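Enquirer: Let me give you the structure first, and then I'll get to my questions.
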Amino acid sequence: MALDPLMTYRKKRDFSATAEPYPSSLSARNGSKSNIFVVQKHDARNLHYDFRLEVDGVLKSWAIPKGPSADPSQKRLAIETEDHPLEYAKFEGTIPKGQYGAGTVIIWDTGSYRNMTEKNGRNLSIPEALEGGHIAVWLEGRKLTGGYALTRTKRGWILIKMKDEGAHSLDILKAEPRSVISGKTIEDLKENEANEDSNKRNLTN
Ligand code: MN
């Protein structure tokens, strides 16, 4: 691992312009028993869902253009992106125009996860699994539950739901579009921002 896994995250952002968290010290959650996962719906230039897993004090991250599915027959491309700070799991809001990732973010799902990656009957750590190109996790989210597998291919990683009690064929992206934290949709947040902007204009006029 790089000495500072969040260097790329810092470099891409102007923290005087974006409300995204500036990373504080690493491994702030050392000693906590379970690891968190989060899926953020991100209405950037291209709408996508960011899937993040807490690993060694940072959030390992993938952008999923079509979003996660609970249907084991659906393969979803997941493009690896830079590590994010743990605080990012709580971020919801709008990244201003001109900034990296400009657009609105909601916390579409979050919860804890358990690593269940095995190879030849041996348990692999997540860093070992990342290195080997295959990760299996058990998610305890509000929307996503049960086993999910991430496998590295030439085109990128592929996310697939495993066949278990958390599998179903409902389109959860459509059926459950709201933030699990604020209850808001992307559209609600955008509307709030627009109102705040017009209030500001009225104040300065
Ligand atoms: Mn994103």
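Naming scheme: A, B, ... for chains in displayed order of the structure tokens; residues 1 onward per chain; ligands 1 onward as shown.
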Kindly compile the residues surrounding ligand 1 within 12 Å, counting only C-alpha atoms and all ligand atoms, and format them as a count of residues only.

Expert: 42

Enquirer: For segment 72-74 of chain A, find every residue with an atom within 8 Å (counting only C-alpha atoms), except residues of its own chain fewer than 6 positions away, and show them as a list in words.

Expert: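 Using only C-alpha atoms, the neighbours found are Ile160, Lys161, Met162, Lys163, Ala167 and His168 of chain A.
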
Enquirer: Keeping only N, CA, C and O atoms, take the residues you just selected and write them out as a PDB file, in the first residue's frame.

Expert:
ATOM      1  N   ILE A 160     -21.313  -9.027  -8.783  1.00  0.00           N
ATOM      2  CA  ILE A 160     -22.444  -9.958  -8.956  1.00  0.00           C
ATOM      3  C   ILE A 160     -23.027 -10.348  -7.592  1.00  0.00           C
ATOM      4  O   ILE A 160     -22.283 -10.627  -6.650  1.00  0.00           O
ATOM      5  N   LYS A 161     -24.342 -10.350  -7.532  1.00  0.00           N
ATOM      6  CA  LYS A 161     -25.033 -10.847  -6.331  1.00  0.00           C
ATOM      7  C   LYS A 161     -24.925 -12.360  -6.280  1.00  0.00           C
ATOM      8  O   LYS A 161     -25.114 -13.036  -7.300  1.00  0.00           O
ATOM      9  N   MET A 162     -24.628 -12.901  -5.103  1.00  0.00           N
ATOM     10  CA  MET A 162     -24.593 -14.360  -4.945  1.00  0.00           C
ATOM     11  C   MET A 162     -26.005 -14.868  -4.694  1.00  0.00           C
ATOM     12  O   MET A 162     -26.884 -14.116  -4.279  1.00  0.00           O
ATOM     13  N   LYS A 163     -26.185 -16.163  -4.947  1.00  0.00           N
ATOM     14  CA  LYS A 163     -27.511 -16.764  -4.747  1.00  0.00           C
ATOM     15  C   LYS A 163     -27.697 -17.088  -3.267  1.00  0.00           C
ATOM     16  O   LYS A 163     -27.101 -18.035  -2.753  1.00  0.00           O
ATOM     17  N   ALA A 167     -31.064 -12.412  -2.397  1.00  0.00           N
ATOM     18  CA  ALA A 167     -31.221 -12.274  -3.858  1.00  0.00           C
ATOM     19  C   ALA A 167     -32.693 -12.132  -4.223  1.00  0.00           C
ATOM     20  O   ALA A 167     -33.571 -12.767  -3.624  1.00  0.00           O
ATOM     21  N   HIS A 168     -32.986 -11.264  -5.189  1.00  0.00           N
ATOM     22  CA  HIS A 168     -34.342 -11.133  -5.737  1.00  0.00           C
ATOM     23  C   HIS A 168     -34.246 -10.402  -7.069  1.00  0.00           C
ATOM     24  O   HIS A 168     -33.190  -9.853  -7.414  1.00  0.00           O
TER      25      HIS A 168
END

Enquirer: With distances taken over only C-alpha atoms, which of A:Leu6, A:Asp56, A:Ile135, A:Lys143 is nearest to Lys174 of chain A?

Expert: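 Counting only C-alpha atoms, the residue closest to Lys174 of chain A is A:Lys143.
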
Enquirer: Using the chain letters and numbers from this document, which residues of segment 27-138 of chain A does DSSP assign to alpha helix (DSSP H), as a list in words?

Expert: Ile126, Pro127, Glu128, Ala129, Leu130, Glu131 and Gly132 of chain A

Enquirer: Taking only C-alpha atoms into account, which of A:Lys184, A:Lys11, A:His134, A:Lys97 comes nearest Thr151 of chain A?

Expert: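 Nearest candidate to Thr151 of chain A out of A:Lys184, A:Lys11, A:His134, A:Lys97: A:His134.
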
Enquirer: Considering only strand (DSSP E or B) as DSSP defines it on the backbone, what residues of segment 9-186 of chain A qualify? List them as a VMD selection string.

Expert: chain A and resid 35 to 43 47 to 55 58 to 64 76 to 85 93 to 95 103 to 115 118 to 119 122 to 123 134 to 141 145 to 152 157 to 161

Enquirer: Compile the contact shell of Gly156 of chain A as a list in words: residues with an atom at most 7 Å away, counting only C-alpha atoms, same-chain residues fewer than 2 positions apart removed.

Expert: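 Skipping anything fewer than 2 positions along the chain leaves Leu77, Ala78, Ile79, Arg152, Thr153, Lys154 and Ile158 of chain A.
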
Enquirer: Between A:Ser182, A:Ser169, A:Asn35, A:Asn120, which one has atoms that come closest to Trp108 of chain A, using only C-alpha atoms?

Expert: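 Of A:Ser182, A:Ser169, A:Asn35, A:Asn120, the one nearest Trp108 of chain A is A:Ser182, counting only C-alpha atoms.
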